[in-house]
Amino acid sequence: MGLALAPDRVRTDALELALYERDASMLTGEASVVCFPTTTAEVSAAARVCRDHARPFVPRGSGTGLAGGATPLGKVPPVVIVTTKMNKILEIDPDQRLAWVEPGVLNLDLSRAVAHLGLHFAPDPSSQQSCSVGGNVANNSGGPHCLLYGVTSAHVLAMEVVLPDGTVALIGGIDPDPDGLDLRGAFVGSEGTMGIATRIAVRLTPLPPCVATLLADFSTIHEAAAAVTGVIAAGIIPAALEMMDATIVGVVEAYVHAGFPTDAAAVLLVEVDGLRSGVDACTSEVEAILNSHGAREVRVAADAAERAGWWKGRKSAFGAIARIAPNYYLHDCVVPRTRLVDVLDEVGRIASSRDLVLGNVFHAGDGNLHPLIVFDRRVPGVLDKVHDAGQKIIECCVAAGGSLSGEHGIGIEKRDAMNLVFTEADLEAQKWLRDAFDPDGRCNPEKILPLGGSRCGDVAAVPPGAWV
């Protein structure tokens, strides 16, 4: 029998295994082996080895996930199958506006590769310089521009996938209406629990002929939130509508020097795109709405350089927060836009009552909140307070009529909160779907489905010390 992978692409050294015991979340696990396939055949071979030895496995892309989806958990330490070496753009069809890519292609690299054709890959997470398309598929990632263009599921047409038993299958299709069940829709967002995508057909979106970006600052978060509601209520769906509070604005401006007003309580970043005449009219209307809701100043980016600087500031927020403390815990709940003010007030109370520093930077247009708790994990007892605050934030958002996640996924972080949103029957239906792909429960075990509502009912909860 030949080797499934060359020895130089299999790691068992303790130090190297430690590098893959977690993703970008605060949860750790334990890997038994880490392997780096370069082809679909090698991914299939690795999955078959795991099957033959009754070993669970965890798919992993760039490791930028924030909910523990790529953290290796299991009764037996799992094999981690890393797809970062599968990083080729296989085919670009500008006429059909699609591309076939391997899962390790970086999000931003794909857009750069097709920019000369006047196209781009629309999903744009803040980590787009480092996150992979395969990871975007796993988490159904969004980004600032998903308000208008939609999340990853709207941009994936078909996938070649390796199922948990090593079988290779093609799901979805590039035809307008592929035959059969929409297994593509089921697989996107399954967080690696149904298999590993090894080739992905993605939809490419034309670059807009004209873009206008507005920056508005406000004396209170309440006014900024009301302005968000005012823009949407006017029937305007901007390409992006982002909010940053004073904490975030301060650290971002000190880091990027983008020209953000550091004395503002909140800043809105609004972008509209399309044909020149429509963009001009929409820009004027948005500016009037922002002013009518108390904006102190509304600026329109003078050129592409200023626009890029503003967006660099917005997308650098999570890194810039290190100017306050070395660690952060970022949440990802969604609330109705009409409840933004109430929820932000409550989230602030949750943090302050535990003496925690919190900043808010989020996709205001669709109510996708990203409360960001900043802390130093070396301080005794702080992790318990952070974990407790995170749980209360989840409960607050759900009580306001929201959902658990907008784009980061459930993973481990929100696994045991699923019953706050879903009934027992709902969870059982999700279990049946997962069982159809993975009847043995070996593919990314102990993720998404809560302990009382899945086949994982006999596993232990997140172990003490798992929060790093």
# chains A, B, ... in the order shown; residues from 1 in each chain; ligands from 1
call {"tool": "select_by_dssp", "arguments": {"residues": "segment 344-436 of chain A", "states": "strand (DSSP E)", "output": "ChimeraX atom specification"}}
result
/A:357-363,371-375
call {"tool": "residues_around", "arguments": {"residues": "Ser132 of chain A", "least_positions_apart": "2", "cutoff": "6 Å", "atoms": "only C-alpha atoms", "output": "PDB file with N, CA and C atoms, in the first residue's frame"}}
result
ATOM      1  N   SER A  62      -7.110  28.678   6.765  1.00  0.00           N
ATOM      2  CA  SER A  62      -6.077  29.589   7.260  1.00  0.00           C
ATOM      3  C   SER A  62      -6.087  29.753   8.773  1.00  0.00           C
ATOM      4  N   GLY A 104      -7.576  26.653  -0.610  1.00  0.00           N
ATOM      5  CA  GLY A 104      -6.570  27.449   0.064  1.00  0.00           C
ATOM      6  C   GLY A 104      -6.296  28.798  -0.567  1.00  0.00           C
ATOM      7  N   VAL A 105      -6.969  29.126  -1.672  1.00  0.00           N
ATOM      8  CA  VAL A 105      -6.803  30.449  -2.295  1.00  0.00           C
ATOM      9  C   VAL A 105      -7.291  31.514  -1.324  1.00  0.00           C
ATOM     10  N   LEU A 106      -6.476  32.530  -1.114  1.00  0.00           N
ATOM     11  CA  LEU A 106      -6.877  33.602  -0.200  1.00  0.00           C
ATOM     12  C   LEU A 106      -7.942  34.483  -0.843  1.00  0.00           C
ATOM     13  N   ASN A 107      -8.865  34.934  -0.035  1.00  0.00           N
ATOM     14  CA  ASN A 107      -9.997  35.726  -0.512  1.00  0.00           C
ATOM     15  C   ASN A 107      -9.542  36.914  -1.360  1.00  0.00           C
ATOM     16  N   GLY A 134     -11.955  28.466   1.003  1.00  0.00           N
ATOM     17  CA  GLY A 134     -12.509  27.286   1.656  1.00  0.00           C
ATOM     18  C   GLY A 134     -13.055  27.608   3.032  1.00  0.00           C
ATOM     19  N   GLY A 135     -12.361  28.451   3.783  1.00  0.00           N
ATOM     20  CA  GLY A 135     -12.869  28.874   5.084  1.00  0.00           C
ATOM     21  C   GLY A 135     -14.112  29.730   4.956  1.00  0.00           C
TER      22      GLY A 135
END
call {"tool": "select_by_dssp", "arguments": {"residues": "segment 90-119 of chain A", "states": "alpha helix (DSSP H)", "output": "MDAnalysis selection string"}}
result
chainID A and resid 107:114
call {"tool": "closest_residue", "arguments": {"among": "A:Asp438, A:Asp273, A:Glu346, A:Glu16", "to": "His145 of chain A", "atoms": "only C-alpha atoms"}}
result
A:Asp273
call {"tool": "closest_residue", "arguments": {"among": "A:Ala41, A:Ala67, A:Ile81, A:Leu344", "to": "Arg11 of chain A", "atoms": "only C-alpha atoms"}}
result
A:Ile81
call {"tool": "closest_residue", "arguments": {"among": "A:Val334, A:Val80, A:Val151, A:Ile248", "to": "Lys315 of chain A", "atoms": "only C-alpha atoms"}}
result
A:Ile248
call {"tool": "closest_residue", "arguments": {"among": "A:Lys392, A:Ile237, A:Arg299, A:His370", "to": "Ser353 of chain A", "atoms": "only C-alpha atoms"}}
result
A:Lys392
call {"tool": "residues_around", "arguments": {"residues": "Arg48 of chain A", "least_positions_apart": "2", "cutoff": "10 Å", "atoms": "only C-alpha atoms", "output": "PyMOL selection string"}}
result
chain A and resi 4+42-46+50-55+162-167
call {"tool": "write_last_selection", "arguments": {"atoms": "all heavy atoms", "output": "tab-separated table (two decimals), in the first residue's frame"}}
result
chain	number	residue	atom	x	y	z
A	4	ALA	N	-0.36	7.72	1.84
A	4	ALA	CA	-1.44	8.65	1.54
A	4	ALA	C	-0.87	10.04	1.25
A	4	ALA	O	-1.33	10.75	0.34
A	4	ALA	CB	-2.43	8.71	2.70
A	42	GLU	N	-5.34	13.34	-2.42
A	42	GLU	CA	-4.66	13.23	-1.13
A	42	GLU	C	-5.61	13.53	0.03
A	42	GLU	O	-5.52	12.90	1.08
A	42	GLU	CB	-3.46	14.19	-1.10
A	42	GLU	CG	-2.31	13.74	-1.99
A	42	GLU	CD	-1.10	14.63	-1.90
A	42	GLU	OE1	-1.20	15.74	-1.31
A	42	GLU	OE2	-0.04	14.23	-2.41
A	43	VAL	N	-6.51	14.47	-0.14
A	43	VAL	CA	-7.52	14.72	0.89
A	43	VAL	C	-8.36	13.46	1.09
A	43	VAL	O	-8.64	13.03	2.22
A	43	VAL	CB	-8.42	15.91	0.53
A	43	VAL	CG1	-9.55	16.06	1.54
A	43	VAL	CG2	-7.61	17.20	0.46
A	44	SER	N	-8.77	12.85	-0.02
A	44	SER	CA	-9.56	11.63	0.04
A	44	SER	C	-8.79	10.51	0.74
A	44	SER	O	-9.34	9.78	1.58
A	44	SER	CB	-9.96	11.19	-1.37
A	44	SER	OG	-10.65	9.96	-1.35
A	45	ALA	N	-7.52	10.37	0.40
A	45	ALA	CA	-6.70	9.33	1.03
A	45	ALA	C	-6.57	9.56	2.52
A	45	ALA	O	-6.65	8.61	3.33
A	45	ALA	CB	-5.33	9.29	0.37
A	46	ALA	N	-6.38	10.81	2.93
A	46	ALA	CA	-6.27	11.13	4.36
A	46	ALA	C	-7.57	10.80	5.09
A	46	ALA	O	-7.55	10.26	6.21
A	46	ALA	CB	-5.90	12.60	4.54
A	50	CYS	N	-8.24	7.99	8.13
A	50	CYS	CA	-8.96	8.28	9.37
A	50	CYS	C	-10.13	7.30	9.56
A	50	CYS	O	-10.37	6.81	10.67
A	50	CYS	CB	-9.46	9.72	9.36
A	50	CYS	SG	-8.16	10.96	9.44
A	51	ARG	N	-10.85	7.03	8.47
A	51	ARG	CA	-11.96	6.08	8.54
A	51	ARG	C	-11.47	4.69	8.95
A	51	ARG	O	-12.04	4.05	9.85
A	51	ARG	CB	-12.65	6.01	7.18
A	51	ARG	CG	-13.80	4.99	7.09
A	51	ARG	CD	-14.09	4.65	5.64
A	51	ARG	NE	-12.93	4.00	5.01
A	51	ARG	CZ	-12.78	3.84	3.69
A	51	ARG	NH1	-13.70	4.31	2.87
A	51	ARG	NH2	-11.72	3.23	3.21
A	52	ASP	N	-10.40	4.22	8.33
A	52	ASP	CA	-9.91	2.86	8.58
A	52	ASP	C	-9.39	2.69	10.01
A	52	ASP	O	-9.39	1.58	10.55
A	52	ASP	CB	-8.80	2.51	7.59
A	52	ASP	CG	-9.31	2.42	6.15
A	52	ASP	OD1	-10.54	2.33	5.97
A	52	ASP	OD2	-8.48	2.46	5.23
A	53	HIS	N	-8.96	3.81	10.61
A	53	HIS	CA	-8.42	3.74	11.97
A	53	HIS	C	-9.36	4.35	12.99
A	53	HIS	O	-8.96	4.60	14.14
A	53	HIS	CB	-7.07	4.44	12.01
A	53	HIS	CG	-5.99	3.72	11.24
A	53	HIS	ND1	-5.17	2.77	11.81
A	53	HIS	CD2	-5.64	3.79	9.93
A	53	HIS	CE1	-4.34	2.30	10.89
A	53	HIS	NE2	-4.60	2.91	9.75
A	54	ALA	N	-10.62	4.59	12.58
A	54	ALA	CA	-11.64	5.13	13.49
A	54	ALA	C	-11.16	6.40	14.19
A	54	ALA	O	-11.37	6.61	15.39
A	54	ALA	CB	-12.08	4.09	14.51
A	55	ARG	N	-10.53	7.26	13.40
A	55	ARG	CA	-9.95	8.48	13.95
A	55	ARG	C	-10.75	9.69	13.44
A	55	ARG	O	-10.97	9.83	12.25
A	55	ARG	CB	-8.50	8.60	13.52
A	55	ARG	CG	-7.78	9.86	13.93
A	55	ARG	CD	-7.45	9.88	15.41
A	55	ARG	NE	-6.48	8.84	15.77
A	55	ARG	CZ	-5.83	8.81	16.92
A	55	ARG	NH1	-6.03	9.76	17.81
A	55	ARG	NH2	-5.00	7.82	17.19
A	162	VAL	N	-14.81	16.18	-0.57
A	162	VAL	CA	-14.45	14.88	-0.03
A	162	VAL	C	-15.32	14.65	1.20
A	162	VAL	O	-15.26	15.41	2.17
A	162	VAL	CB	-12.97	14.81	0.33
A	162	VAL	CG1	-12.65	13.50	1.06
A	162	VAL	CG2	-12.10	14.95	-0.91
A	163	LEU	N	-16.14	13.60	1.14
A	163	LEU	CA	-17.03	13.29	2.25
A	163	LEU	C	-16.25	12.60	3.36
A	163	LEU	O	-15.12	12.15	3.15
A	163	LEU	CB	-18.18	12.42	1.75
A	163	LEU	CG	-19.06	13.07	0.66
A	163	LEU	CD1	-20.10	12.08	0.15
A	163	LEU	CD2	-19.71	14.33	1.18
A	164	PRO	N	-16.82	12.49	4.55
A	164	PRO	CA	-16.07	11.93	5.67
A	164	PRO	C	-15.52	10.53	5.48
A	164	PRO	O	-14.55	10.16	6.13
A	164	PRO	CB	-17.10	11.98	6.81
A	164	PRO	CG	-17.96	13.15	6.48
A	164	PRO	CD	-18.09	13.10	4.98
A	165	ASP	N	-16.13	9.74	4.58
A	165	ASP	CA	-15.60	8.40	4.34
A	165	ASP	C	-14.57	8.36	3.22
A	165	ASP	O	-14.11	7.28	2.83
A	165	ASP	CB	-16.74	7.42	4.03
A	165	ASP	CG	-17.47	7.75	2.74
A	165	ASP	OD1	-17.16	8.80	2.10
A	165	ASP	OD2	-18.35	6.97	2.34
A	166	GLY	N	-14.20	9.53	2.68
A	166	GLY	CA	-13.22	9.59	1.61
A	166	GLY	C	-13.81	9.65	0.22
A	166	GLY	O	-13.08	9.86	-0.76
A	167	THR	N	-15.13	9.47	0.10
A	167	THR	CA	-15.79	9.56	-1.20
A	167	THR	C	-15.70	10.98	-1.75
A	167	THR	O	-15.83	11.95	-1.00
A	167	THR	CB	-17.27	9.16	-1.07
A	167	THR	OG1	-17.36	7.84	-0.55
A	167	THR	CG2	-17.98	9.23	-2.42
call {"tool": "residues_around", "arguments": {"residues": "segment 185-191 of chain A", "least_positions_apart": "2", "cutoff": "10 Å", "atoms": "only C-alpha atoms", "output": "PyMOL selection string"}}
result
chain A and resi 58-60+65+68-70+134-141+152-154+156-159+161+171-172+181-183+193-197+407-411+433-434+437+444+447-448
call {"tool": "write_last_selection", "arguments": {"atoms": "N, CA and C atoms", "output": "CSV table (one decimal), in the first residue's frame"}}
result
chain,number,residue,atom,x,y,z
A,58,VAL,N,-10.4,17.0,11.5
A,58,VAL,CA,-10.9,18.4,11.5
A,58,VAL,C,-10.3,19.1,10.3
A,59,PRO,N,-11.2,19.6,9.4
A,59,PRO,CA,-10.7,20.4,8.3
A,59,PRO,C,-10.3,21.7,8.8
A,60,ARG,N,-9.3,22.3,8.2
A,60,ARG,CA,-8.7,23.6,8.6
A,60,ARG,C,-8.2,24.3,7.4
A,65,GLY,N,-10.7,31.6,11.8
A,65,GLY,CA,-12.1,31.5,12.4
A,65,GLY,C,-12.1,32.0,13.8
A,68,GLY,N,-14.0,28.8,17.1
A,68,GLY,CA,-13.5,27.5,17.4
A,68,GLY,C,-13.8,26.4,16.4
A,69,GLY,N,-14.2,26.8,15.2
A,69,GLY,CA,-14.6,25.8,14.3
A,69,GLY,C,-13.5,24.9,13.8
A,70,ALA,N,-12.3,25.4,13.9
A,70,ALA,CA,-11.1,24.6,13.5
A,70,ALA,C,-10.3,24.1,14.7
A,134,GLY,N,-12.0,28.5,1.0
A,134,GLY,CA,-12.5,27.3,1.7
A,134,GLY,C,-13.1,27.6,3.0
A,135,GLY,N,-12.4,28.5,3.8
A,135,GLY,CA,-12.9,28.9,5.1
A,135,GLY,C,-14.1,29.7,5.0
A,136,ASN,N,-14.2,30.6,3.9
A,136,ASN,CA,-15.4,31.4,3.7
A,136,ASN,C,-16.6,30.5,3.4
A,137,VAL,N,-16.3,29.4,2.7
A,137,VAL,CA,-17.4,28.4,2.4
A,137,VAL,C,-17.8,27.7,3.7
A,138,ALA,N,-16.9,27.3,4.5
A,138,ALA,CA,-17.2,26.6,5.7
A,138,ALA,C,-18.1,27.5,6.7
A,139,ASN,N,-17.8,28.8,6.8
A,139,ASN,CA,-18.5,29.6,7.7
A,139,ASN,C,-19.5,30.5,7.1
A,140,ASN,N,-19.7,30.4,5.8
A,140,ASN,CA,-20.6,31.2,5.1
A,140,ASN,C,-20.3,32.7,5.4
A,141,SER,N,-19.1,33.1,5.2
A,141,SER,CA,-18.6,34.4,5.6
A,141,SER,C,-19.3,35.5,4.9
A,152,THR,N,-21.4,34.5,1.5
A,152,THR,CA,-20.7,33.6,0.6
A,152,THR,C,-21.6,32.6,-0.1
A,153,SER,N,-22.7,32.2,0.5
A,153,SER,CA,-23.6,31.2,-0.1
A,153,SER,C,-24.2,31.8,-1.4
A,154,ALA,N,-24.3,33.1,-1.5
A,154,ALA,CA,-24.8,33.7,-2.8
A,154,ALA,C,-23.8,33.7,-3.9
A,156,VAL,N,-21.4,31.0,-4.3
A,156,VAL,CA,-20.8,29.7,-4.6
A,156,VAL,C,-21.8,28.9,-5.4
A,157,LEU,N,-21.3,28.4,-6.6
A,157,LEU,CA,-22.2,27.7,-7.5
A,157,LEU,C,-22.1,26.2,-7.3
A,158,ALA,N,-20.9,25.7,-7.2
A,158,ALA,CA,-20.7,24.2,-7.1
A,158,ALA,C,-19.4,23.9,-6.4
A,159,MET,N,-19.3,22.7,-5.9
A,159,MET,CA,-18.1,22.3,-5.1
A,159,MET,C,-17.8,20.8,-5.4
A,161,VAL,N,-16.3,17.9,-3.3
A,161,VAL,CA,-16.1,17.8,-1.9
A,161,VAL,C,-15.6,16.3,-1.6
A,171,ILE,N,-21.2,18.6,-5.8
A,171,ILE,CA,-22.5,19.1,-5.4
A,171,ILE,C,-22.7,20.5,-6.0
A,172,GLY,N,-24.0,20.8,-6.3
A,172,GLY,CA,-24.3,22.1,-6.9
A,172,GLY,C,-24.0,21.9,-8.4
A,181,LEU,N,-31.5,18.0,-5.1
A,181,LEU,CA,-31.6,18.8,-3.9
A,181,LEU,C,-30.4,19.8,-3.9
A,182,ASP,N,-30.7,20.9,-3.1
A,182,ASP,CA,-29.6,21.9,-3.0
A,182,ASP,C,-28.6,21.6,-1.9
A,183,LEU,N,-27.8,20.6,-2.2
A,183,LEU,CA,-26.8,20.1,-1.3
A,183,LEU,C,-25.7,21.2,-1.1
A,193,THR,N,-18.3,20.2,9.1
A,193,THR,CA,-18.9,19.0,9.7
A,193,THR,C,-19.4,18.0,8.7
A,194,MET,N,-19.4,18.4,7.4
A,194,MET,CA,-20.0,17.5,6.4
A,194,MET,C,-18.9,17.0,5.4
A,195,GLY,N,-17.7,17.5,5.5
A,195,GLY,CA,-16.7,17.1,4.6
A,195,GLY,C,-15.8,18.3,4.3
A,196,ILE,N,-14.9,18.1,3.2
A,196,ILE,CA,-13.9,19.1,2.9
A,196,ILE,C,-14.1,19.5,1.4
A,197,ALA,N,-14.3,20.8,1.1
A,197,ALA,CA,-14.4,21.2,-0.3
A,197,ALA,C,-13.0,21.3,-0.8
A,407,GLU,N,-21.8,35.7,10.7
A,407,GLU,CA,-20.8,35.3,9.8
A,407,GLU,C,-19.7,34.5,10.4
A,408,HIS,N,-19.5,34.5,11.7
A,408,HIS,CA,-18.4,33.8,12.3
A,408,HIS,C,-18.7,32.3,12.5
A,409,GLY,N,-19.9,31.9,12.5
A,409,GLY,CA,-20.3,30.5,12.7
A,409,GLY,C,-20.6,30.2,14.2
A,410,ILE,N,-21.0,29.0,14.4
A,410,ILE,CA,-21.3,28.5,15.8
A,410,ILE,C,-20.1,27.9,16.5
A,411,GLY,N,-19.4,26.9,15.8
A,411,GLY,CA,-18.3,26.3,16.3
A,411,GLY,C,-18.5,25.7,17.6
A,433,LEU,N,-29.6,15.9,9.1
A,433,LEU,CA,-28.9,16.3,7.9
A,433,LEU,C,-27.4,16.0,8.1
A,434,ARG,N,-26.8,16.3,9.2
A,434,ARG,CA,-25.4,16.1,9.5
A,434,ARG,C,-25.1,14.6,9.4
A,437,PHE,N,-24.5,13.1,5.9
A,437,PHE,CA,-23.2,13.3,5.3
A,437,PHE,C,-22.1,12.5,6.1
A,444,ASN,N,-15.1,16.7,12.1
A,444,ASN,CA,-15.2,17.9,13.0
A,444,ASN,C,-16.1,17.7,14.2
A,447,LYS,N,-18.9,20.0,17.3
A,447,LYS,CA,-19.1,21.4,16.9
A,447,LYS,C,-20.6,21.6,16.5
A,448,ILE,N,-21.0,22.8,16.6
A,448,ILE,CA,-22.4,23.3,16.2
A,448,ILE,C,-23.5,22.8,17.1
